[in-house]
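Notes follow once the structure below has been shown.
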Amino acid sequence: MDDQHKPGSPETKREDVCPSKKSKLDLDNLRDQINEANHDGASGPEYWRSLEELAGSPVFQEALHREFPKGASEWVDSVSRRGFLKVMGASMALAGMTGCVRLPLEPIVPYVRQPEDVIPGRPMFYATAMTLGGYASPILVESHFGRPTKIEGNDRHPASLGGTDIFAQAHVLGMYDPDRSQSVMSMGDQRSWQSFLTAIRGPLSAQKALQGAGIRILTPTISSPTLADQLRNFLKTYPQAKWHVYEPVNRDNVLEGAKLAFGQPVETRYDFEKADVVVSLDADFLYAGFPGNVRYIRDFAKRRNPDGNMNRLYVIESTMTSTGAKADHRLPVTASEILNFAYILCSPSIAQVGPMHTPPPPRIEAELERANRIGKDLYSAAGRSAVIVGDHQPAAVHAFGHIINQRLGNVGKTVFYTDPVDANPVNQTESLKELAADAQAGKVDLLIILGGNPAYDAPADLNFAELLKSNKVQLRVHYGLHNNETAELCQWHVNATHELESWGDARAYDGTASIIQPLIAPLYNGKSPIEFVALLNGQGDANGYDLVRAYWQKQQIGLDFEQFWRKSLHDGWMEGTAGTPVKTSDVARITVTGLADLNAIELNIRRDPTVYDGQFSNNGWLQELPKPMNKLTWDNAVLIGPKMAERLQIKVEDVVELELNGKKVTGPVWIQAGHPDNSVTVTLGYGRRRAGRVGTAQGFDAYALRTTAAWWR
């Protein structure tokens, strides 16, 4: 990374920065204020959003007076941002009044009971699920006169016990998004479903003679048993075709770490209610988007009773997170230093450094004392502790996490291993690289992109958008909720149904299969993923209800299926489908190379706390939701720590240029308290070109810095 910031030059500052902005924060004075507050027994706790607010700087007072920073408080046209949200909210309500009165033709079962008549003013609740990253979140949807209006957690589902996260809460608005794709499109023109059937029939027939050698299907992570079964049936018909999996926020490192430790991919889940000591190695497991976070929050909170057997949480992390803010002891370090801590927490007889098995180099001696204190507490709670590793940490750190948990006797008590929830647990980075190589070589005649947006979020070194533009793939089909950057580069785009409009199934983080049932008929006559793949299998007239029901009927031979089916619809999940523990082998010996250089400046690339990987960019509720640690809205920023900012003479909202491997992006700076020194963090999901009227042209595109070799840093 090459920081091209030049203090005071006009190229590095926004034109609208007020003169008082030039004042410099006195970090020593701020530390004195914090120390005084900590020792003032007469005053209660004080909360502040930024260092500027704590210092009472004129910059913050000006921002507070205007309520929102420049660029967020004013919209790009004559309608104010807040006025825009009002108009958008009204349009959503009108959409509900006109489109949502159409109920599905198939029987759906309410959560409480099925009344003979709808009672005005009394809502109905239906159990269903939404998916993110392939994992199902069980939810209850409140419906008024057939219109979904509110989402809560399913209190009977073991994966949530009634909790939800921000993405579940915003799920309703995603369905009412007026910028959703509303029809089948071909080369920019609106077409009929029948015209697409005619266009796809010929290429599929031609591929039968080749056993599908020219067919590639690209999907996001899939945990749906029914959809996975359909895709495997398709591969039986076209045995030379390939099923690729990719999404930008994936768990490659998690699975690779399990392979490194056990020789097989496994799903790891935790029971924090039984853990006295928890060590997080860069894992934000108490925030939305982490698989199982809703249940983890509930279990962890049960042990935060200071009058009882209270647990202790140690967090070693590379950027400020919600989990770190709740820690009893938090250590901010660069992302690469996490490997050092993981090594130190392991027994030297297992972990080895370098091919010559030499002792730890002197540069990590400074970390030994802190790590030893944590390790002492951790090992004193053997069998009653847990070590959890963040998804963005490399496979070696995950392997060390498995080693520590196994040595402590935590496996089977606070840590459990099951088969992966992912129906096709491949390395997604390698899978996309293989697809790009085949397309570049002219081996792909038909590319079907079943959801996702790789033209926007694929690693920069693959040049996936340019690959689609080059027409080396003869026929490109995109299926999705939005006519996005990828749909623009495909000859055909098929509009998808929202999960509140379609039948389906998916597995939660513990493996429990959940039923996805619609509350309304599709607003725009779209097709669900299982209906779309059924078309590829020659079942053009099949509907989602029949397909899901038929799959589960095959799994329940010898049982009263009607009773099973109705109970599953009522509860929202299928009893007895949770993942069963798998036996893992003893961990292998791990060789560590490339330990952290403590003097290098590191770049962290992370998913955004509100818009995730960019798929929620057009959701106004999530854009308006403040980021948990800095309260930014409608934007991303370059996060750095106070020490680094002082050393480089950088101020909040200065615009800096980041360069990595010849790729450059520019973005405004935010000085984040608690951020480690010599480290820079940027979040994904912004800089969209075709997100919709809410998400387009917000923030900067951090994907430009991402490569297959440097996924998270």
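Convention: chains lettered A, B, ... in structure tokens order; per-chain residue numbering from 1; ligands numbered from 1 as shown.
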Strand (DSSP E or B) call set, DSSP backbone run, stretch 121-369 of chain A, as a VMD selection string: chain A and resid 124 to 132 135 to 144 147 to 153 184 to 186 189 to 191 215 to 219 242 to 245 267 to 270 277 to 281 312 to 317 329 to 332 351 to 353 358
Within 7 Å of stretch 629-638 of chain A using only C-alpha atoms, minus same-chain residues under 4 positions, as a list in words: Arg49, Ser50, Ala72, Met320, Thr321, Gln623, Glu624, Leu625, Gly667, Pro668, Val669, Trp670, Val680, Thr681, Val682, Thr683, Tyr686, Gln698, Gly699 and Phe700 of chain A
Members of stretch 470-584 of chain A assigned helix (DSSP H, G or I) by DSSP, as number ranges by chain: A: 487-489, 499-501, 529-536, 544-555, 561-571
Near-A:Thr666 list (9 Å; only C-alpha atoms; drop same-chain fewer than 5 positions) as a count of residues only: 8
Separation of atom CA of A:Asn471 from atom CA of A:Leu489 in Å: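 Separation between atom CA of A:Leu489 and atom CA of A:Asn471: 9.2 Å.
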Among listed residues A:Ala283, A:Leu462, A:Leu519, A:Ile557, nearest A:Glu501 (using only C-alpha atoms):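 So, comparing all the options, the nearest one is A:Leu519.
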Exercise: A:Phe290 partners within 10 Å, only C-alpha atoms, chain neighbours under 5 positions left out, as a PyMOL selection string: chain A and resi 132-133+135+283-285+296+390-391+509
Proximity to A:Ser336 - best of A:Tyr379, A:Trp712, A:Trp243, A:Tyr456, only C-alpha atoms: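 Checking each of A:Tyr379, A:Trp712, A:Trp243, A:Tyr456 against A:Ser336, counting only C-alpha atoms, the winner is A:Trp712.
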Per-residue nearest contacts stretch 373-453 of chain A to stretch 562-584 of chain A, cut-off 8 Å, using only C-alpha atoms, as JSON lines:
{"residue": "A:Phe416", "atom": "CA", "partner": "A:Pro581", "partner_atom": "CA", "distance": 6.7}
{"residue": "A:Tyr417", "atom": "CA", "partner": "A:Pro581", "partner_atom": "CA", "distance": 5.5}
{"residue": "A:Thr418", "atom": "CA", "partner": "A:Pro581", "partner_atom": "CA", "distance": 4.7}
{"residue": "A:Asp419", "atom": "CA", "partner": "A:Gly579", "partner_atom": "CA", "distance": 6.6}
Next, write the just-selected residues to a file, as a CSV table (one decimal), in the first residue's frame, keeping C-alpha atoms as the atom set.
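As written to disk, result_9.csv reads:
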chain,number,residue,atom,x,y,z
A,416,PHE,CA,-18.8,-29.1,18.1
A,417,TYR,CA,-18.0,-30.3,14.6
A,418,THR,CA,-20.6,-31.3,12.0
A,419,ASP,CA,-20.6,-31.7,8.2
Proximity to A:Ala534 - best of A:Ala437, A:Arg693, A:Asn233, A:Trp711, only C-alpha atoms: A:Asn233
Close residues, A:Gly614 itself excluded, 8 Å, only C-alpha atoms, min 2 positions apart in chain, as a ChimeraX atom specification: /A:611-612,616-617,684-686,688
Shell around stretch 171-180 of chain A at 8 Å using only C-alpha atoms, local window under 3 positions removed, as a VMD selection string: chain A and resid 91 to 92 95 to 96 130 148 to 151 167 to 168 481 to 483 498 500 618 to 619 621 692 to 693
Limited to N, CA and C atoms, could you put the picked residues into a file as a PDB file, in the first residue's frame?
ATOM      1  N   SER A  91     -43.973   4.914  -1.268  1.00  0.00           N
ATOM      2  CA  SER A  91     -44.084   4.049  -2.451  1.00  0.00           C
ATOM      3  C   SER A  91     -44.111   2.581  -2.054  1.00  0.00           C
ATOM      4  N   MET A  92     -43.382   2.238  -0.990  1.00  0.00           N
ATOM      5  CA  MET A  92     -43.406   0.863  -0.522  1.00  0.00           C
ATOM      6  C   MET A  92     -44.790   0.494   0.008  1.00  0.00           C
ATOM      7  N   ALA A  95     -47.019  -0.013  -2.868  1.00  0.00           N
ATOM      8  CA  ALA A  95     -46.741  -1.311  -3.500  1.00  0.00           C
ATOM      9  C   ALA A  95     -47.402  -2.428  -2.728  1.00  0.00           C
ATOM     10  N   GLY A  96     -47.369  -2.315  -1.402  1.00  0.00           N
ATOM     11  CA  GLY A  96     -48.016  -3.332  -0.575  1.00  0.00           C
ATOM     12  C   GLY A  96     -49.506  -3.366  -0.782  1.00  0.00           C
ATOM     13  N   MET A 130     -34.907 -16.610   5.885  1.00  0.00           N
ATOM     14  CA  MET A 130     -34.140 -15.870   4.884  1.00  0.00           C
ATOM     15  C   MET A 130     -32.709 -16.398   4.910  1.00  0.00           C
ATOM     16  N   PRO A 148     -46.882  -8.639   3.906  1.00  0.00           N
ATOM     17  CA  PRO A 148     -45.817  -8.718   4.919  1.00  0.00           C
ATOM     18  C   PRO A 148     -45.441  -7.320   5.395  1.00  0.00           C
ATOM     19  N   THR A 149     -45.385  -7.133   6.710  1.00  0.00           N
ATOM     20  CA  THR A 149     -45.103  -5.807   7.252  1.00  0.00           C
ATOM     21  C   THR A 149     -43.953  -5.786   8.244  1.00  0.00           C
ATOM     22  N   LYS A 150     -43.671  -6.870   8.951  1.00  0.00           N
ATOM     23  CA  LYS A 150     -42.657  -6.837  10.006  1.00  0.00           C
ATOM     24  C   LYS A 150     -42.080  -8.234  10.196  1.00  0.00           C
ATOM     25  N   ILE A 151     -40.815  -8.283  10.574  1.00  0.00           N
ATOM     26  CA  ILE A 151     -40.118  -9.559  10.775  1.00  0.00           C
ATOM     27  C   ILE A 151     -39.588  -9.632  12.199  1.00  0.00           C
ATOM     28  N   PHE A 167     -30.148  -7.513   9.097  1.00  0.00           N
ATOM     29  CA  PHE A 167     -30.461  -7.936   7.737  1.00  0.00           C
ATOM     30  C   PHE A 167     -31.842  -8.592   7.670  1.00  0.00           C
ATOM     31  N   ALA A 168     -32.218  -9.293   8.720  1.00  0.00           N
ATOM     32  CA  ALA A 168     -33.570  -9.857   8.767  1.00  0.00           C
ATOM     33  C   ALA A 168     -34.607  -8.749   8.881  1.00  0.00           C
ATOM     34  N   LEU A 481     -32.262 -10.814  -8.418  1.00  0.00           N
ATOM     35  CA  LEU A 481     -33.271  -9.861  -7.955  1.00  0.00           C
ATOM     36  C   LEU A 481     -33.143  -8.505  -8.619  1.00  0.00           C
ATOM     37  N   HIS A 482     -31.923  -8.147  -9.050  1.00  0.00           N
ATOM     38  CA  HIS A 482     -31.683  -6.827  -9.606  1.00  0.00           C
ATOM     39  C   HIS A 482     -30.985  -6.907 -10.956  1.00  0.00           C
ATOM     40  N   ASN A 483     -31.303  -5.945 -11.775  1.00  0.00           N
ATOM     41  CA  ASN A 483     -30.617  -5.814 -13.059  1.00  0.00           C
ATOM     42  C   ASN A 483     -29.322  -5.054 -12.790  1.00  0.00           C
ATOM     43  N   HIS A 498     -38.354 -12.729  -4.623  1.00  0.00           N
ATOM     44  CA  HIS A 498     -37.826 -12.506  -3.283  1.00  0.00           C
ATOM     45  C   HIS A 498     -38.184 -13.712  -2.422  1.00  0.00           C
ATOM     46  N   LEU A 500     -39.621 -13.848   0.343  1.00  0.00           N
ATOM     47  CA  LEU A 500     -40.968 -13.735   0.902  1.00  0.00           C
ATOM     48  C   LEU A 500     -42.047 -14.024  -0.131  1.00  0.00           C
ATOM     49  N   ASN A 618     -28.902  -0.977  -2.055  1.00  0.00           N
ATOM     50  CA  ASN A 618     -30.111  -0.234  -2.422  1.00  0.00           C
ATOM     51  C   ASN A 618     -31.192  -0.299  -1.350  1.00  0.00           C
ATOM     52  N   ASN A 619     -30.839  -0.765  -0.173  1.00  0.00           N
ATOM     53  CA  ASN A 619     -31.796  -0.825   0.928  1.00  0.00           C
ATOM     54  C   ASN A 619     -31.634   0.439   1.771  1.00  0.00           C
ATOM     55  N   TRP A 621     -33.058   1.492   4.468  1.00  0.00           N
ATOM     56  CA  TRP A 621     -32.987   1.306   5.915  1.00  0.00           C
ATOM     57  C   TRP A 621     -31.550   1.008   6.345  1.00  0.00           C
ATOM     58  N   GLY A 692     -29.295   0.892  -8.029  1.00  0.00           N
ATOM     59  CA  GLY A 692     -30.632   1.456  -7.904  1.00  0.00           C
ATOM     60  C   GLY A 692     -30.525   2.893  -7.439  1.00  0.00           C
ATOM     61  N   ARG A 693     -31.669   3.531  -7.283  1.00  0.00           N
ATOM     62  CA  ARG A 693     -31.649   4.956  -6.968  1.00  0.00           C
ATOM     63  C   ARG A 693     -31.081   5.254  -5.583  1.00  0.00           C
TER      64      ARG A 693
END
Nearest to A:Pro248, chosen from A:Ala508, A:Ala691, A:Val477, A:Ala460, with only C-alpha atoms counted in the distances: A:Ala460
Quick one: residues within 9 Å of A:Val415, only C-alpha atoms counted, chain neighbours fewer than 6 positions away excluded, as a short mmCIF file (atom, residue, chain, number, x, y, z; two decimals) with all heavy atoms, in the first residue's frame?
data_model
loop_
_atom_site.label_atom_id
_atom_site.label_comp_id
_atom_site.auth_asym_id
_atom_site.auth_seq_id
_atom_site.Cartn_x
_atom_site.Cartn_y
_atom_site.Cartn_z
N THR A 268 -17.96 -25.69 12.26
CA THR A 268 -17.68 -25.54 13.68
C THR A 268 -18.73 -24.66 14.32
O THR A 268 -19.02 -23.57 13.83
CB THR A 268 -16.30 -24.90 13.91
OG1 THR A 268 -15.31 -25.63 13.16
CG2 THR A 268 -15.92 -24.93 15.38
N ARG A 269 -19.34 -25.13 15.39
CA ARG A 269 -20.27 -24.29 16.15
C ARG A 269 -19.90 -24.34 17.63
O ARG A 269 -19.18 -25.24 18.08
CB ARG A 269 -21.72 -24.73 15.92
CG ARG A 269 -22.04 -26.17 16.25
CD ARG A 269 -23.49 -26.49 15.86
NE ARG A 269 -23.83 -27.88 16.10
CZ ARG A 269 -24.30 -28.35 17.25
NH1 ARG A 269 -24.49 -27.51 18.27
NH2 ARG A 269 -24.60 -29.61 17.40
N TYR A 270 -20.41 -23.35 18.37
CA TYR A 270 -19.96 -23.13 19.74
C TYR A 270 -21.15 -23.03 20.68
O TYR A 270 -22.24 -22.60 20.30
CB TYR A 270 -19.13 -21.84 19.82
CG TYR A 270 -17.98 -21.80 18.84
CD1 TYR A 270 -18.17 -21.35 17.53
CD2 TYR A 270 -16.72 -22.23 19.20
CE1 TYR A 270 -17.13 -21.32 16.62
CE2 TYR A 270 -15.66 -22.21 18.30
CZ TYR A 270 -15.88 -21.75 17.01
OH TYR A 270 -14.84 -21.74 16.10
N ASP A 271 -20.92 -23.43 21.92
CA ASP A 271 -21.91 -23.27 22.98
C ASP A 271 -21.32 -22.30 24.01
O ASP A 271 -20.64 -22.70 24.95
CB ASP A 271 -22.25 -24.61 23.63
CG ASP A 271 -23.41 -24.51 24.61
OD1 ASP A 271 -23.79 -23.37 24.97
OD2 ASP A 271 -23.93 -25.56 25.04
N PHE A 272 -21.61 -21.01 23.81
CA PHE A 272 -21.01 -19.99 24.68
C PHE A 272 -21.66 -19.95 26.06
O PHE A 272 -21.10 -19.35 26.98
CB PHE A 272 -21.13 -18.62 24.00
CG PHE A 272 -20.25 -18.47 22.80
CD1 PHE A 272 -20.78 -18.45 21.52
CD2 PHE A 272 -18.87 -18.37 22.95
CE1 PHE A 272 -19.97 -18.32 20.41
CE2 PHE A 272 -18.04 -18.24 21.84
CZ PHE A 272 -18.58 -18.22 20.57
N SER A 385 -13.95 -23.57 28.02
CA SER A 385 -13.48 -22.40 27.30
C SER A 385 -13.72 -22.60 25.81
O SER A 385 -14.16 -23.67 25.37
CB SER A 385 -11.99 -22.16 27.58
OG SER A 385 -11.24 -23.31 27.23
N ALA A 386 -13.43 -21.58 25.04
CA ALA A 386 -13.60 -21.68 23.58
C ALA A 386 -12.72 -20.65 22.91
O ALA A 386 -12.60 -19.51 23.37
CB ALA A 386 -15.07 -21.46 23.19
N VAL A 387 -12.09 -21.06 21.82
CA VAL A 387 -11.32 -20.16 20.97
C VAL A 387 -12.01 -20.10 19.62
O VAL A 387 -12.28 -21.14 19.01
CB VAL A 387 -9.86 -20.65 20.80
CG1 VAL A 387 -9.11 -19.77 19.80
CG2 VAL A 387 -9.15 -20.66 22.14
N ASN A 405 -8.44 -25.73 20.91
CA ASN A 405 -9.69 -26.28 21.45
C ASN A 405 -9.58 -27.76 21.73
O ASN A 405 -10.12 -28.27 22.73
CB ASN A 405 -10.84 -26.00 20.48
CG ASN A 405 -11.35 -24.58 20.56
OD1 ASN A 405 -11.47 -24.00 21.64
ND2 ASN A 405 -11.65 -23.99 19.40
N GLN A 406 -8.86 -28.48 20.87
CA GLN A 406 -8.71 -29.92 21.10
C GLN A 406 -7.83 -30.19 22.30
O GLN A 406 -8.14 -31.06 23.13
CB GLN A 406 -8.14 -30.58 19.84
CG GLN A 406 -8.20 -32.09 19.88
CD GLN A 406 -7.75 -32.71 18.58
OE1 GLN A 406 -6.56 -32.84 18.33
NE2 GLN A 406 -8.70 -33.09 17.74
#
Closest of A:Val294, A:Val254, A:Arg647, A:Leu140 to A:Val389 - atom-to-atom distances counting only C-alpha atoms: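 Looking at the shortest contact to A:Val389, the residue is A:Val254.
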